[in-house]
file data11.csv (CSV, C-alpha atoms)
chain,number,residue,atom,x,y,z
A,1,ARG,CA,113.3,100.1,71.5
A,2,ALA,CA,116.4,98.1,71.5
A,3,HIS,CA,119.1,98.8,69.0
A,4,SER,CA,121.9,96.3,68.4
A,5,GLN,CA,125.4,97.1,67.3
A,6,SER,CA,128.3,94.7,66.7
A,7,LYS,CA,131.8,95.9,67.1
A,8,LYS,CA,135.2,94.2,66.7
A,9,ALA,CA,137.4,95.0,69.6
A,10,THR,CA,141.1,94.1,69.8
A,11,MET,CA,142.8,93.2,73.0
A,12,SER,CA,146.4,92.5,72.6
A,13,ASP,CA,146.6,89.9,69.9
A,14,GLU,CA,143.0,88.5,70.3
A,15,GLU,CA,139.9,89.6,68.4
A,16,VAL,CA,136.7,89.7,70.5
A,17,ASP,CA,133.2,90.2,69.3
A,18,LEU,CA,131.2,92.5,71.4
A,19,GLU,CA,127.4,92.8,71.2
A,20,VAL,CA,126.2,96.2,72.5
A,21,GLN,CA,122.6,96.8,73.4
A,22,ARG,CA,121.1,100.3,73.6
A,23,THR,CA,117.6,100.9,74.9
A,24,ASP,CA,115.6,104.1,75.1
A,25,ALA,CA,115.4,105.5,78.6
A,26,GLY,CA,111.8,106.3,78.2
A,27,SER,CA,109.9,108.4,80.7
A,28,SER,CA,109.3,107.2,84.2
A,29,HIS,CA,105.8,106.1,85.1
A,30,THR,CA,105.9,108.1,88.4
A,31,TYR,CA,107.5,111.0,90.1
A,32,PRO,CA,108.0,111.7,93.8
A,33,GLU,CA,105.9,114.3,95.7
A,34,GLN,CA,105.9,115.4,99.3
A,35,VAL,CA,102.7,114.1,101.0
A,36,GLY,CA,102.0,117.5,102.6
A,37,LYS,CA,101.7,119.1,99.1
A,38,LEU,CA,98.9,116.8,98.0
A,39,ASN,CA,95.2,117.8,98.1
A,40,VAL,CA,91.8,116.6,96.8
A,41,GLY,CA,91.7,116.3,93.0
A,42,LYS,CA,95.4,115.5,92.6
A,43,TYR,CA,96.7,112.0,91.7
A,44,CYS,CA,99.0,109.8,93.7
A,45,CYS,CA,99.9,106.1,93.9
A,46,ILE,CA,98.3,104.2,96.8
A,47,LYS,CA,99.3,100.6,97.2
A,48,GLY,CA,100.9,100.6,93.7
A,49,ARG,CA,97.7,101.9,91.9
A,50,ALA,CA,97.2,105.3,90.3
A,51,CYS,CA,94.4,107.1,92.3
A,52,LYS,CA,92.6,110.4,92.2
A,53,ILE,CA,92.5,111.8,95.7
A,54,VAL,CA,88.9,112.2,97.0
A,55,SER,CA,89.7,112.8,100.7
A,56,PHE,CA,92.8,114.2,102.3
A,57,SER,CA,93.1,115.1,106.0
A,58,THR,CA,96.0,115.7,108.3
A,59,SER,CA,96.5,115.1,112.0
A,60,LYS,CA,98.6,117.3,114.3
A,61,ASN,CA,102.1,116.1,114.9
A,62,GLY,CA,102.4,114.2,118.1
A,63,LYS,CA,104.9,114.3,120.9
A,64,HIS,CA,107.3,112.0,119.1
A,65,GLY,CA,106.6,112.4,115.4
A,66,VAL,CA,105.5,114.3,112.4
A,67,ALA,CA,102.0,115.1,111.3
A,68,LYS,CA,100.2,112.3,109.5
A,69,ALA,CA,98.0,112.5,106.4
A,70,SER,CA,95.1,110.2,105.8
A,71,ILE,CA,94.6,109.8,102.0
A,72,THR,CA,91.6,108.2,100.3
A,73,GLY,CA,91.8,107.7,96.5
A,74,ILE,CA,89.7,106.2,93.8
A,75,ASP,CA,91.7,103.9,91.4
A,76,VAL,CA,91.6,105.6,88.0
A,77,PHE,CA,91.1,102.2,86.2
A,78,THR,CA,89.1,100.0,88.6
A,79,GLU,CA,87.2,102.8,90.4
A,80,LYS,CA,87.9,101.1,93.7
A,81,LYS,CA,88.4,103.1,96.9
A,82,ILE,CA,92.0,102.7,98.4
A,83,GLU,CA,93.2,104.3,101.6
A,84,THR,CA,96.6,105.0,103.1
A,85,ILE,CA,98.3,107.0,106.0
A,86,ALA,CA,101.7,108.6,105.5
A,87,GLY,CA,103.8,111.3,107.2
A,88,THR,CA,103.3,114.7,105.7
A,89,THR,CA,107.1,115.2,105.3
A,90,SER,CA,107.6,111.8,103.5
A,91,SER,CA,107.4,111.3,99.7
A,92,ILE,CA,104.8,109.4,97.8
A,93,ASP,CA,104.9,108.4,94.1
A,94,CYS,CA,102.5,110.2,91.8
A,95,PRO,CA,101.6,108.9,88.4
A,96,ASN,CA,102.5,110.6,85.1
A,97,LEU,CA,99.2,110.8,83.3
A,98,ALA,CA,98.5,111.2,79.6
A,99,ARG,CA,95.2,111.8,78.0
A,100,ALA,CA,94.5,111.5,74.3
A,101,GLU,CA,91.4,112.1,72.2
A,102,TYR,CA,90.5,109.5,69.5
A,103,GLN,CA,87.7,109.3,67.0
A,104,LEU,CA,85.6,106.1,67.5
A,105,ILE,CA,85.4,104.3,64.2
A,106,ASP,CA,84.0,100.9,65.2
A,107,VAL,CA,83.4,98.5,68.1
A,108,GLN,CA,84.1,94.8,67.7
A,109,ASP,CA,84.2,92.0,70.3
A,110,GLY,CA,84.4,94.5,73.2
A,111,PHE,CA,87.3,96.5,71.6
A,112,MET,CA,87.2,99.9,70.1
A,113,ASN,CA,88.7,100.8,66.7
A,114,LEU,CA,90.0,104.3,67.3
A,115,LEU,CA,91.7,106.9,65.1
A,116,ASP,CA,94.1,109.6,66.4
A,117,SER,CA,94.5,113.1,65.0
A,118,ASN,CA,97.4,111.8,62.8
A,119,GLY,CA,95.2,109.2,61.2
A,120,GLU,CA,96.9,106.3,63.1
A,121,GLU,CA,94.7,103.4,64.1
A,122,LYS,CA,94.5,102.0,67.6
A,123,ASN,CA,92.7,98.7,68.0
A,124,ASP,CA,93.8,97.5,71.4
A,125,CYS,CA,91.5,99.6,73.7
A,126,LYS,CA,88.9,97.6,75.5
A,127,ILE,CA,85.5,99.0,76.3
A,128,PRO,CA,85.5,99.2,80.2
A,129,ASP,CA,82.9,97.4,82.3
A,130,ASN,CA,81.6,100.6,83.9
A,131,ASP,CA,79.2,103.5,83.2
A,132,VAL,CA,81.6,105.0,80.7
A,133,GLY,CA,81.8,101.8,78.7
A,134,THR,CA,78.1,101.2,78.8
A,135,ASN,CA,77.4,104.8,77.6
A,136,ILE,CA,80.0,104.6,74.8
A,137,GLN,CA,78.5,101.4,73.5
A,138,LYS,CA,74.9,102.8,73.7
A,139,GLN,CA,75.8,106.1,71.9
A,140,PHE,CA,77.8,104.2,69.2
A,141,ASP,CA,74.8,101.8,68.7
A,142,ASP,CA,72.6,104.8,68.3
A,143,GLY,CA,74.8,105.9,65.4
A,144,LYS,CA,76.4,108.9,67.1
A,145,ALA,CA,79.9,110.0,66.1
A,146,LEU,CA,82.0,110.0,69.2
A,147,MET,CA,85.4,111.3,70.4
A,148,VAL,CA,86.8,109.0,73.2
A,149,THR,CA,89.2,110.2,75.8
A,150,VAL,CA,91.8,107.6,76.8
A,151,LEU,CA,93.8,107.9,80.0
A,152,THR,CA,97.3,106.3,80.0
A,153,CYS,CA,99.5,105.8,83.1
A,154,MET,CA,101.8,103.3,84.7
A,155,GLY,CA,101.6,101.0,81.7
A,156,GLU,CA,97.8,100.8,81.7
A,157,GLU,CA,95.2,102.6,79.6
A,158,ALA,CA,91.4,103.0,79.6
A,159,PRO,CA,88.7,105.2,78.2
A,160,VAL,CA,87.6,107.7,80.8
A,161,GLY,CA,85.2,109.8,78.9
A,162,PHE,CA,83.7,110.7,75.5
A,163,LYS,CA,81.8,113.4,73.8
A,164,GLU,CA,79.8,113.6,70.6
A,165,GLU,CA,81.7,114.9,67.6
A,166,GLN,CA,80.9,118.4,66.5
call {"tool": "encode", "arguments": {"input": "data11.csv", "output": "structure tokens"}}
result
Amino acid sequence: RAHSQSKKATMSDEEVDLEVQRTDAGSSHTYPEQVGKLNVGKYCCIKGRACKIVSFSTSKNGKHGVAKASITGIDVFTEKKIETIAGTTSSIDCPNLARAEYQLIDVQDGFMNLLDSNGEEKNDCKIPDNDVGTNIQKQFDDGKALMVTVLTCMGEEAPVGFKEEQ
């Protein structure tokens, strides 16, 4: 959110118009973590993508270096497998993840009409082309009332689960 403020500044005998822009710092999309502290089930960024670690192994340090970690992750949005190797003492970016529950109101043209707990509508969430998306559409078509879990991280969001409303 940018806020604009105009000020008149005087420098000696001149008047100068200054335009000052302020923006919210916002929270960072990632935070650094030491590779050696990661394990299966945690999240990290591999090749710029947010991934859930499914395989993590370390090799012994060699004659001239530190131990290496072999990390395999599944992209949280595309479900593709991504691998990397990094020194266990080096840092790696880890995504800040946010999950939110929404009530599914309607589905139109591949997009879900969702309602949060404050009654705010969300209409920009696309049904994913995976098992979760297929099951959401099927359950909705069967007339079931659903709560959809939406994962948001690194500027992207996608439904990652759902349950029938109680």
call {"tool": "atom_distance", "arguments": {"input": "data11.csv", "atom1": "CA of Ser57 in chain A", "atom2": "CA of Cys94 in chain A"}}
result
17.7 Å
call {"tool": "residues_around", "arguments": {"input": "data11.csv", "residues": "Phe56 in chain A", "least_positions_apart": "4", "cutoff": "12 Å", "atoms": "all atoms listed in the file", "output": "ChimeraX atom specification"}}
result
/A:35-44,52,68-73,83-86,88
call {"tool": "residues_around", "arguments": {"input": "data11.csv", "residues": "Thr78 in chain A", "least_positions_apart": "5", "cutoff": "10 Å", "atoms": "only C-alpha atoms", "output": "MDAnalysis selection string"}}
result
chainID A and resid 49:51 128:130 158
call {"tool": "closest_residue", "arguments": {"input": "data11.csv", "among": "A:Ser117, A:Ser91, A:Thr58, A:Gln103", "to": "Leu146 in chain A", "atoms": "only C-alpha atoms"}}
result
A:Gln103
call {"tool": "closest_residue", "arguments": {"input": "data11.csv", "among": "A:Glu33, A:Glu164, A:Glu157, A:Asp109", "to": "Thr89 in chain A", "atoms": "all atoms listed in the file"}}
result
A:Glu33
call {"tool": "closest_residue", "arguments": {"input": "data11.csv", "among": "A:Ile127, A:Val132, A:Ile105, A:Leu97", "to": "Glu165 in chain A", "atoms": "all atoms listed in the file"}}
result
A:Ile105
call {"tool": "closest_residue", "arguments": {"input": "data11.csv", "among": "A:Glu156, A:Asp93, A:Glu79, A:Glu101", "to": "Lys126 in chain A", "atoms": "only C-alpha atoms"}}
result
A:Glu156
call {"tool": "atom_distance", "arguments": {"input": "data11.csv", "atom1": "CA of Met154 in chain A", "atom2": "CA of Asn123 in chain A"}}
result
19.6 Å
call {"tool": "residues_around", "arguments": {"input": "data11.csv", "residues": "Gly133 in chain A", "least_positions_apart": "2", "cutoff": "12 Å", "atoms": "all atoms listed in the file", "output": "list in words"}}
result
Phe77, Val107, Gly110, Phe111, Met112, Cys125, Lys126, Ile127, Pro128, Asp129, Asn130, Asp131, Asn135, Ile136, Gln137, Lys138, Gln139, Phe140, Val148, Thr149, Val150, Ala158, Pro159, Val160, Gly161 and Phe162 of chain A
call {"tool": "atom_distance", "arguments": {"input": "data11.csv", "atom1": "CA of His64 in chain A", "atom2": "CA of Ser90 in chain A"}}
result
15.6 Å
call {"tool": "closest_residue", "arguments": {"input": "data11.csv", "among": "A:Ala100, A:Ser28, A:Gly87, A:Cys153", "to": "Ala67 in chain A", "atoms": "all atoms listed in the file"}}
result
A:Gly87
